[in-house]
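> Dropping in query21.cif, with mmCIF, C-alpha atoms.
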```
data_final
loop_
_atom_site.label_atom_id
_atom_site.label_comp_id
_atom_site.auth_asym_id
_atom_site.auth_seq_id
_atom_site.Cartn_x
_atom_site.Cartn_y
_atom_site.Cartn_z
CA MET D 1 -42.30 -0.62 -23.46
CA ASN D 2 -40.75 -0.03 -20.07
CA VAL D 3 -38.63 2.93 -19.08
CA TRP D 4 -35.41 0.96 -19.29
CA LYS D 5 -36.01 -0.11 -22.85
CA ALA D 6 -37.14 3.35 -23.87
CA GLY D 7 -33.97 4.82 -22.36
CA ILE D 8 -31.50 2.66 -24.25
CA GLU D 9 -33.44 2.94 -27.48
CA ARG D 10 -33.46 6.71 -27.20
CA ARG D 11 -29.70 6.72 -26.63
CA LEU D 12 -29.15 4.42 -29.59
CA GLN D 13 -31.23 6.74 -31.76
CA ILE D 14 -29.22 9.78 -30.66
CA SER D 15 -25.98 7.88 -31.18
CA GLY D 16 -27.12 6.73 -34.63
CA ALA D 17 -28.15 10.27 -35.59
CA LEU D 18 -24.81 11.74 -34.52
CA ILE D 19 -22.88 9.07 -36.38
CA ALA D 20 -25.02 9.52 -39.49
CA LEU D 21 -24.37 13.27 -39.36
CA GLY D 22 -20.65 12.63 -38.90
CA LEU D 23 -20.64 10.29 -41.89
CA VAL D 24 -22.43 12.88 -44.03
CA VAL D 25 -19.85 15.50 -43.01
CA GLU D 26 -17.07 13.05 -43.89
CA LEU D 27 -18.66 12.39 -47.27
CA VAL D 28 -18.88 16.12 -48.01
CA SER D 29 -15.27 16.65 -46.93
CA LEU D 30 -14.11 13.88 -49.25
CA LEU D 31 -15.83 15.41 -52.24
CA TRP D 32 -14.47 18.89 -51.48
CA SER D 33 -10.88 19.24 -52.68
CA HIS D 34 -9.65 21.99 -50.40
CA PRO D 35 -7.41 22.20 -47.34
CA ALA D 36 -10.39 23.31 -45.25
CA ALA D 37 -12.03 19.97 -46.04
CA PHE D 38 -9.59 18.26 -43.70
CA LEU D 39 -10.55 20.60 -40.88
CA LEU D 40 -14.22 19.99 -41.59
CA PHE D 41 -13.58 16.25 -41.52
CA LEU D 42 -11.46 16.35 -38.38
CA LEU D 43 -13.20 18.94 -36.25
CA LEU D 44 -16.86 18.56 -37.16
CA GLY D 45 -17.11 15.03 -38.58
CA GLY D 46 -14.70 13.58 -36.03
CA SER D 47 -16.46 15.26 -33.11
CA LEU D 48 -19.89 14.07 -34.22
CA MET D 49 -18.74 10.49 -34.71
CA CYS D 50 -16.80 10.46 -31.43
CA ALA D 51 -19.84 11.79 -29.59
CA GLY D 52 -22.01 9.10 -31.20
CA ILE D 53 -19.60 6.33 -30.24
CA VAL D 54 -19.27 7.64 -26.68
CA ILE D 55 -23.07 7.81 -26.25
CA TYR D 56 -23.39 4.26 -27.60
CA LEU D 57 -20.68 2.89 -25.33
CA THR D 58 -22.09 4.79 -22.36
CA SER D 59 -25.51 3.34 -23.03
CA LEU D 60 -23.99 -0.14 -22.87
CA VAL D 61 -22.53 0.63 -19.46
CA VAL D 62 -25.55 2.44 -18.06
CA HIS D 63 -28.17 0.11 -19.48
CA GLY D 64 -26.10 -3.08 -19.54
CA PRO D 65 -26.92 -6.22 -17.56
CA SER D 66 -26.34 -6.15 -13.84
CA VAL D 67 -23.75 -8.65 -12.71
CA GLY D 68 -25.14 -10.84 -9.95
CA GLY D 69 -28.15 -8.61 -9.45
CA GLY D 70 -31.48 -10.39 -9.65
CA ASP D 71 -33.82 -7.51 -9.33
CA GLN D 72 -33.07 -5.70 -12.54
CA THR D 73 -34.51 -6.69 -15.87
CA PRO D 74 -32.82 -4.96 -18.75
CA ALA D 75 -35.53 -4.71 -21.32
CA THR D 76 -33.23 -4.82 -24.33
CA GLY D 77 -31.44 -7.58 -22.50
CA ALA D 78 -27.93 -6.63 -23.57
CA GLY D 79 -26.38 -10.07 -23.31
CA VAL D 80 -28.75 -11.40 -20.66
CA ARG D 81 -30.94 -13.35 -22.99
CA ALA D 82 -28.11 -14.56 -25.13
CA GLY D 83 -29.07 -17.71 -26.93
CA GLY D 84 -32.69 -17.38 -26.11
CA GLU D 85 -33.81 -15.48 -29.16
CA MET Z 1 -9.52 12.61 -54.31
CA VAL Z 2 -8.34 9.24 -55.47
CA GLY Z 3 -7.03 6.02 -53.96
CA MET Z 4 -9.37 4.59 -51.40
CA THR Z 5 -12.15 7.09 -52.05
CA PRO Z 6 -14.59 4.65 -53.75
CA LEU Z 7 -14.12 2.16 -50.91
CA LEU Z 8 -14.52 4.87 -48.31
CA ILE Z 9 -17.63 6.26 -49.97
CA GLY Z 10 -19.01 2.71 -49.95
CA ILE Z 11 -18.27 2.37 -46.23
CA ILE Z 12 -19.94 5.71 -45.54
CA LEU Z 13 -23.05 4.89 -47.55
CA VAL Z 14 -23.48 1.47 -45.94
CA GLY Z 15 -22.88 3.06 -42.52
CA LEU Z 16 -25.51 5.69 -43.26
CA GLY Z 17 -28.02 3.03 -44.28
CA LEU Z 18 -27.43 1.03 -41.12
CA ALA Z 19 -27.61 4.14 -38.94
CA ALA Z 20 -30.91 5.08 -40.58
CA LEU Z 21 -32.25 1.62 -39.80
CA LEU Z 22 -31.24 1.95 -36.15
CA ILE Z 23 -32.78 5.40 -35.88
CA ALA Z 24 -36.04 4.24 -37.45
CA ARG Z 25 -36.27 0.93 -35.62
CA PRO Z 26 -34.16 0.91 -32.46
CA SER Z 27 -36.16 -2.05 -31.21
CA VAL Z 28 -34.16 -4.34 -33.52
CA THR Z 29 -31.42 -4.21 -30.90
CA ALA Z 30 -33.56 -6.39 -28.65
CA THR Z 31 -32.30 -9.46 -30.47
CA ARG Z 32 -28.76 -10.80 -30.48
CA GLY Z 33 -28.43 -10.02 -34.18
CA GLY Z 34 -29.67 -6.50 -33.50
CA LYS Z 35 -27.02 -5.99 -30.84
CA ILE Z 36 -24.33 -7.06 -33.26
CA LEU Z 37 -25.83 -4.75 -35.86
CA ALA Z 38 -25.77 -1.86 -33.38
CA PHE Z 39 -22.14 -2.57 -32.49
CA VAL Z 40 -21.13 -2.69 -36.16
CA THR Z 41 -23.14 0.44 -36.99
CA LEU Z 42 -22.29 2.55 -33.99
CA PHE Z 43 -18.70 1.51 -33.42
CA ILE Z 44 -17.05 -0.47 -36.23
CA PHE Z 45 -18.28 1.62 -39.17
CA PRO Z 46 -17.52 5.05 -37.67
CA ALA Z 47 -14.08 3.88 -36.55
CA LEU Z 48 -13.37 2.39 -39.97
CA ALA Z 49 -14.63 5.49 -41.75
CA GLY Z 50 -12.63 7.72 -39.40
CA PHE Z 51 -9.32 5.91 -39.92
CA THR Z 52 -9.77 5.47 -43.66
CA GLY Z 53 -10.92 9.07 -44.05
CA THR Z 54 -7.90 10.39 -42.15
CA ALA Z 55 -5.56 8.33 -44.33
CA GLU Z 56 -7.33 9.58 -47.44
CA HIS Z 57 -7.13 13.22 -46.40
CA LEU Z 58 -3.46 12.91 -45.45
CA GLU Z 59 -2.73 11.28 -48.79
CA PHE Z 60 -4.54 14.01 -50.65
CA SER Z 61 -2.62 16.66 -48.74
CA LYS Z 62 0.51 15.51 -50.59
CA SER Z 63 -0.95 16.43 -53.95
CA THR Z 64 0.03 19.45 -56.02
CA GLN Z 65 -3.67 20.23 -56.46
CA PHE Z 66 -4.04 20.47 -52.68
CA CYS Z 67 -1.06 22.82 -52.23
CA LEU Z 68 -2.13 25.10 -55.05
CA SER Z 69 -5.76 25.30 -53.98
CA CYS Z 70 -4.93 28.23 -51.68
CA HIS Z 71 -4.88 31.62 -53.38
CA VAL Z 72 -1.53 32.59 -51.87
CA MET Z 73 0.12 29.71 -53.69
CA ASP Z 74 -1.02 30.78 -57.17
CA ASP Z 75 2.29 32.33 -58.19
CA TYR Z 76 4.23 29.35 -56.88
CA GLY Z 77 2.05 27.13 -59.05
CA LYS Z 78 2.75 29.36 -62.05
CA SER Z 79 6.48 29.13 -61.41
CA LEU Z 80 6.24 25.41 -62.11
CA ARG Z 81 5.26 26.34 -65.67
CA ALA Z 82 7.95 28.96 -66.28
CA ASP Z 83 9.35 28.46 -69.77
CA ASP Z 84 12.84 29.11 -68.51
CA ARG Z 85 15.38 26.43 -67.69
CA SER Z 86 16.92 28.52 -64.94
CA PHE Z 87 13.80 27.99 -62.81
CA ILE Z 88 14.69 24.87 -60.84
CA PRO Z 89 11.12 23.87 -59.88
CA ALA Z 90 9.95 24.37 -63.47
CA VAL Z 91 12.67 22.11 -64.88
CA HIS Z 92 11.79 19.40 -62.38
CA PHE Z 93 8.03 19.71 -62.91
CA GLN Z 94 8.03 19.93 -66.69
CA ASN Z 95 10.55 17.12 -67.25
CA HIS Z 96 9.02 14.64 -64.82
CA LEU Z 97 12.02 14.84 -62.51
CA VAL Z 98 9.42 14.94 -59.77
CA PRO Z 99 5.93 13.41 -60.01
CA ARG Z 100 3.71 16.21 -61.30
CA ASP Z 101 0.86 15.28 -58.99
CA ARG Z 102 3.19 15.54 -55.98
CA ALA Z 103 5.55 18.24 -57.12
CA CYS Z 104 5.40 20.39 -53.97
CA PHE Z 105 5.55 17.57 -51.45
CA THR Z 106 8.47 15.84 -53.18
CA CYS Z 107 10.79 18.80 -52.59
CA HIS Z 108 9.22 20.38 -49.52
CA THR Z 109 9.04 17.59 -47.05
CA ASP Z 110 12.00 16.89 -44.80
CA TYR Z 111 13.51 13.58 -45.74
CA ALA Z 112 14.09 12.63 -42.13
CA MET Z 113 12.40 10.30 -39.67
CA TYR Z 114 9.59 12.70 -38.77
CA GLY Z 115 9.61 14.65 -42.03
CA ASP Z 116 6.13 13.66 -43.12
CA LEU Z 117 4.64 14.32 -39.69
CA ARG Z 118 6.39 17.69 -39.41
CA ALA Z 119 5.12 18.65 -42.85
CA LYS Z 120 1.55 17.78 -41.83
CA LEU Z 121 1.74 19.80 -38.63
CA ARG Z 122 3.07 22.77 -40.56
CA GLY Z 123 0.26 22.26 -43.05
CA LEU Z 124 -2.29 22.59 -40.25
CA LYS Z 125 -0.59 25.80 -39.15
CA HIS Z 126 -0.79 27.09 -42.72
CA VAL Z 127 -4.54 26.46 -42.84
CA TYR Z 128 -4.91 28.32 -39.54
CA VAL Z 129 -2.90 31.30 -40.82
CA TYR Z 130 -4.76 31.26 -44.14
CA TYR Z 131 -8.16 31.58 -42.51
CA LEU Z 132 -7.49 33.30 -39.22
CA GLY Z 133 -4.25 35.16 -39.74
CA THR Z 134 -2.33 37.01 -42.40
CA PRO Z 135 -0.10 34.96 -44.68
CA PRO Z 136 3.38 36.52 -44.93
CA ASP Z 137 4.31 38.21 -48.19
CA PRO Z 138 6.52 36.86 -49.55
CA ILE Z 139 6.09 33.40 -48.10
CA LYS Z 140 9.28 32.16 -46.50
CA LEU Z 141 10.47 28.72 -45.50
CA TYR Z 142 10.71 27.99 -41.79
CA THR Z 143 14.35 26.99 -42.15
CA PRO Z 144 16.85 27.45 -44.99
CA TYR Z 145 16.33 24.87 -47.72
CA GLN Z 146 18.60 21.93 -47.03
CA ASN Z 147 20.73 20.08 -49.56
CA ARG Z 148 19.37 16.85 -48.12
CA GLU Z 149 16.09 17.43 -49.95
CA CYS Z 150 17.98 17.65 -53.29
CA LEU Z 151 20.36 14.82 -52.51
CA HIS Z 152 17.49 12.51 -51.75
CA CYS Z 153 17.23 12.07 -55.53
CA HIS Z 154 20.47 13.47 -56.94
CA LEU Z 155 22.99 11.69 -54.73
CA GLY Z 156 24.70 9.02 -56.79
CA ALA Z 157 23.28 10.30 -60.06
CA ARG Z 158 25.96 10.58 -62.75
CA SER Z 159 24.92 14.08 -63.76
CA PHE Z 160 25.42 15.18 -60.17
CA GLU Z 161 28.54 13.24 -59.24
CA GLU Z 162 30.39 13.90 -62.51
CA GLY Z 163 28.88 17.24 -63.46
CA ALA Z 164 31.55 19.65 -64.73
CA THR Z 165 30.56 22.45 -62.37
CA HIS Z 166 30.40 20.12 -59.40
CA THR Z 167 33.87 18.70 -59.97
CA GLN Z 168 35.82 21.72 -61.18
CA GLU Z 169 36.60 22.91 -57.67
CA PRO Z 170 38.28 20.31 -55.44
CA GLY Z 171 36.24 19.43 -52.41
CA LEU Z 172 33.09 21.21 -53.60
CA LEU Z 173 31.11 18.02 -54.07
CA GLU Z 174 31.95 16.85 -50.56
CA ARG Z 175 30.91 20.20 -49.09
CA VAL Z 176 27.63 20.01 -50.96
CA LYS Z 177 27.03 16.49 -49.70
CA LEU Z 178 27.79 17.54 -46.15
CA GLY Z 179 25.42 20.47 -46.43
CA GLN Z 180 28.27 22.98 -45.97
CA PHE Z 181 27.65 24.58 -49.35
CA SER Z 182 24.06 25.13 -50.42
CA CYS Z 183 22.82 23.93 -53.78
CA LEU Z 184 20.89 27.21 -53.92
CA SER Z 185 24.00 29.36 -53.48
CA SER Z 186 24.35 32.39 -55.67
CA GLY Z 187 25.65 31.46 -59.09
CA CYS Z 188 24.55 27.84 -58.71
CA HIS Z 189 20.87 26.85 -58.61
CA ASN Z 190 19.70 30.11 -57.08
CA ILE Z 191 16.62 30.76 -59.22
CA VAL Z 192 13.92 28.78 -57.51
CA HIS Z 193 10.30 29.97 -57.56
CA ASP Z 194 11.25 33.67 -57.99
CA VAL Z 195 7.62 34.79 -57.96
CA LYS Z 196 8.67 38.45 -58.18
CA GLY Z 197 10.36 37.93 -61.53
CA LEU Z 198 7.69 35.60 -62.83
CA LYS Z 199 5.62 38.26 -64.58
CA ASP Z 200 8.36 38.69 -67.19
CA VAL Z 201 8.60 34.99 -67.92
CA LYS Z 202 6.62 33.12 -70.57
CA LEU Z 203 4.65 30.20 -69.19
CA TRP Z 204 4.63 26.70 -70.62
CA GLU Z 205 1.12 25.70 -71.69
CA GLY Z 206 1.72 21.98 -72.21
CA GLY Z 207 1.40 19.03 -69.88
CA GLY Z 208 -2.26 19.52 -68.99
CA ARG Z 209 -3.35 20.92 -65.67
#
```
How would this structure read if it were set down as structure tokens?


Amino acid sequence: MNVWKAGIERRLQISGALIALGLVVELVSLLWSHPAAFLLFLLLGGSLMCAGIVIYLTSLVVHGPSVGGGDQTPATGAGVRAGGE
Amino acid sequence: MVGMTPLLIGIILVGLGLAALLIARPSVTATRGGKILAFVTLFIFPALAGFTGTAEHLEFSKSTQFCLSCHVMDDYGKSLRADDRSFIPAVHFQNHLVPRDRACFTCHTDYAMYGDLRAKLRGLKHVYVYYLGTPPDPIKLYTPYQNRECLHCHLGARSFEEGATHTQEPGLLERVKLGQFSCLSSGCHNIVHDVKGLKDVKLWEGGGR
């Protein structure tokens, strides 16, 4: 595994973990019938999920395919090897 | 909570399963299918769960159960069960003149363009005061109660338009409709929640919780 591939996979794992945590918080807030549940959902769950999405989208930009560049080889091949798998 | 909750819980559980898969095996994203899976898991599902969850929470915030879940609202909840016809909220609640599961929201939202939104923002302020401040005692409305909130249902109703008290004084009905004479004026419908006088009133036990 090269560094590039390890980098994007690590980011995807972090993103997935944050989103999973956010979803768990949302689940708890739904089962808790109290006004504070909305704050829990919005402030904690929302922040975790937003952070997860941002890290995922950032990883696409940072580790995405280079346009016109021939010297980079994105290991996960985000779009580069389309159709070849 | 009700409504979309089963669907939302389903979305959350599926999202959790997919996220677990990505955490355990991030290498699946090397394939085209894996990339789509990552996009669905890390973008579509959280967004869907976020929007649906917000809608669900906002919907629940309209419920009587939600309003009465704060300790400071206990007496107001009891006033809905006052066994006394002079208590306006009790008459409405006990006789299904308002939906019991939305009793508070039905009368305490502004029936104007941004009424719902304003009510939600005030609700957030209430949560803040409840946890980080000191709730006022007694609780007071931000603005005097407006006839508009009553007329939303009563306008055009025969009991309102032809009621003996409403028609005995010329011009009274028009003044009420224009908001120039409050429905809650002394001698009219002035006993509302009256939490101070509630301890002397028998409570109605029927109707379930």

> Just say which residues the PyMOL selection byres ((chain Z and resi 50-54) around 10) picks in this file, as an NGL selection string.

(:D and (22-23 or 26-27 or 29-30 or 38 or 41-42 or 45-46 or 49-50)) or (:Z and (4-5 or 7-9 or 11-12 or 44-49 or 55-60))

> For chain Z versus chain D, which residues have an atom no more than 10 Å away, and what is each residue's nearest atom pair and distance in Å rounded to one decimal, using all atoms listed in the file, chain-then-number order, as JSON lines?


```
{"residue": "Z:Met1", "atom": "CA", "partner": "D:Leu30", "partner_atom": "CA", "distance": 6.9}
{"residue": "Z:Val2", "atom": "CA", "partner": "D:Leu30", "partner_atom": "CA", "distance": 9.7}
{"residue": "Z:Thr5", "atom": "CA", "partner": "D:Leu30", "partner_atom": "CA", "distance": 7.6}
{"residue": "Z:Leu8", "atom": "CA", "partner": "D:Leu27", "partner_atom": "CA", "distance": 8.6}
{"residue": "Z:Ile9", "atom": "CA", "partner": "D:Leu27", "partner_atom": "CA", "distance": 6.8}
{"residue": "Z:Ile11", "atom": "CA", "partner": "D:Leu23", "partner_atom": "CA", "distance": 9.3}
{"residue": "Z:Ile12", "atom": "CA", "partner": "D:Leu23", "partner_atom": "CA", "distance": 5.9}
{"residue": "Z:Leu13", "atom": "CA", "partner": "D:Leu23", "partner_atom": "CA", "distance": 8.2}
{"residue": "Z:Gly15", "atom": "CA", "partner": "D:Ala20", "partner_atom": "CA", "distance": 7.4}
{"residue": "Z:Leu16", "atom": "CA", "partner": "D:Ala20", "partner_atom": "CA", "distance": 5.4}
{"residue": "Z:Gly17", "atom": "CA", "partner": "D:Ala20", "partner_atom": "CA", "distance": 8.6}
{"residue": "Z:Leu18", "atom": "CA", "partner": "D:Gly16", "partner_atom": "CA", "distance": 8.6}
{"residue": "Z:Ala19", "atom": "CA", "partner": "D:Gly16", "partner_atom": "CA", "distance": 5.1}
{"residue": "Z:Ala20", "atom": "CA", "partner": "D:Gly16", "partner_atom": "CA", "distance": 7.2}
{"residue": "Z:Leu21", "atom": "CA", "partner": "D:Gly16", "partner_atom": "CA", "distance": 8.9}
{"residue": "Z:Leu22", "atom": "CA", "partner": "D:Gly16", "partner_atom": "CA", "distance": 6.5}
{"residue": "Z:Ile23", "atom": "CA", "partner": "D:Gln13", "partner_atom": "CA", "distance": 4.6}
{"residue": "Z:Ala24", "atom": "CA", "partner": "D:Gln13", "partner_atom": "CA", "distance": 7.9}
{"residue": "Z:Arg25", "atom": "CA", "partner": "D:Gln13", "partner_atom": "CA", "distance": 8.6}
{"residue": "Z:Pro26", "atom": "CA", "partner": "D:Glu9", "partner_atom": "CA", "distance": 5.4}
{"residue": "Z:Ser27", "atom": "CA", "partner": "D:Glu9", "partner_atom": "CA", "distance": 6.8}
{"residue": "Z:Val28", "atom": "CA", "partner": "D:Thr76", "partner_atom": "CA", "distance": 9.2}
{"residue": "Z:Thr29", "atom": "CA", "partner": "D:Thr76", "partner_atom": "CA", "distance": 6.8}
{"residue": "Z:Ala30", "atom": "CA", "partner": "D:Thr76", "partner_atom": "CA", "distance": 4.6}
{"residue": "Z:Thr31", "atom": "CA", "partner": "D:Glu85", "partner_atom": "CA", "distance": 6.3}
{"residue": "Z:Arg32", "atom": "CA", "partner": "D:Ala82", "partner_atom": "CA", "distance": 6.6}
{"residue": "Z:Gly33", "atom": "CA", "partner": "D:Glu85", "partner_atom": "CA", "distance": 9.2}
{"residue": "Z:Gly34", "atom": "CA", "partner": "D:Thr76", "partner_atom": "CA", "distance": 10.0}
{"residue": "Z:Lys35", "atom": "CA", "partner": "D:Ala78", "partner_atom": "CA", "distance": 7.4}
{"residue": "Z:Ala38", "atom": "CA", "partner": "D:Leu12", "partner_atom": "CA", "distance": 8.1}
{"residue": "Z:Phe39", "atom": "CA", "partner": "D:Tyr56", "partner_atom": "CA", "distance": 8.5}
{"residue": "Z:Thr41", "atom": "CA", "partner": "D:Gly16", "partner_atom": "CA", "distance": 7.8}
{"residue": "Z:Leu42", "atom": "CA", "partner": "D:Ile53", "partner_atom": "CA", "distance": 6.0}
{"residue": "Z:Phe43", "atom": "CA", "partner": "D:Ile53", "partner_atom": "CA", "distance": 5.8}
{"residue": "Z:Ile44", "atom": "CA", "partner": "D:Ile53", "partner_atom": "CA", "distance": 9.4}
{"residue": "Z:Phe45", "atom": "CA", "partner": "D:Ile19", "partner_atom": "CA", "distance": 9.2}
{"residue": "Z:Pro46", "atom": "CA", "partner": "D:Met49", "partner_atom": "CA", "distance": 6.3}
{"residue": "Z:Ala47", "atom": "CA", "partner": "D:Met49", "partner_atom": "CA", "distance": 8.3}
{"residue": "Z:Ala49", "atom": "CA", "partner": "D:Leu23", "partner_atom": "CA", "distance": 7.7}
{"residue": "Z:Gly50", "atom": "CA", "partner": "D:Gly46", "partner_atom": "CA", "distance": 7.1}
{"residue": "Z:Gly53", "atom": "CA", "partner": "D:Glu26", "partner_atom": "CA", "distance": 7.3}
{"residue": "Z:Thr54", "atom": "CA", "partner": "D:Leu42", "partner_atom": "CA", "distance": 7.9}
{"residue": "Z:Glu56", "atom": "CA", "partner": "D:Leu30", "partner_atom": "CA", "distance": 8.2}
{"residue": "Z:His57", "atom": "CA", "partner": "D:Phe38", "partner_atom": "CA", "distance": 6.2}
{"residue": "Z:Leu58", "atom": "CA", "partner": "D:Phe38", "partner_atom": "CA", "distance": 8.3}
{"residue": "Z:Phe60", "atom": "CA", "partner": "D:Ser33", "partner_atom": "CA", "distance": 8.5}
{"residue": "Z:Ser61", "atom": "CA", "partner": "D:Pro35", "partner_atom": "CA", "distance": 7.5}
{"residue": "Z:Gln65", "atom": "CA", "partner": "D:Ser33", "partner_atom": "CA", "distance": 8.2}
{"residue": "Z:Phe66", "atom": "CA", "partner": "D:His34", "partner_atom": "CA", "distance": 6.2}
{"residue": "Z:Cys67", "atom": "CA", "partner": "D:Pro35", "partner_atom": "CA", "distance": 8.0}
{"residue": "Z:Leu68", "atom": "CA", "partner": "D:His34", "partner_atom": "CA", "distance": 9.4}
{"residue": "Z:Ser69", "atom": "CA", "partner": "D:His34", "partner_atom": "CA", "distance": 6.2}
{"residue": "Z:Cys70", "atom": "CA", "partner": "D:Pro35", "partner_atom": "CA", "distance": 7.8}
{"residue": "Z:Gly123", "atom": "CA", "partner": "D:Pro35", "partner_atom": "CA", "distance": 8.8}
{"residue": "Z:Leu124", "atom": "CA", "partner": "D:Leu39", "partner_atom": "CA", "distance": 8.5}
{"residue": "Z:His126", "atom": "CA", "partner": "D:Pro35", "partner_atom": "CA", "distance": 9.4}
{"residue": "Z:Val127", "atom": "CA", "partner": "D:Pro35", "partner_atom": "CA", "distance": 6.8}
{"residue": "Z:Tyr128", "atom": "CA", "partner": "D:Ala36", "partner_atom": "CA", "distance": 9.4}
{"residue": "Z:Tyr130", "atom": "CA", "partner": "D:Ala36", "partner_atom": "CA", "distance": 9.8}
{"residue": "Z:Tyr131", "atom": "CA", "partner": "D:Ala36", "partner_atom": "CA", "distance": 9.0}
```

> Would you compute the distance between CA of Ile139 (chain Z) and CA of Phe93 (chain Z)? Give it in Å to one decimal.

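Between these atoms lies a distance of 20.3 Å.
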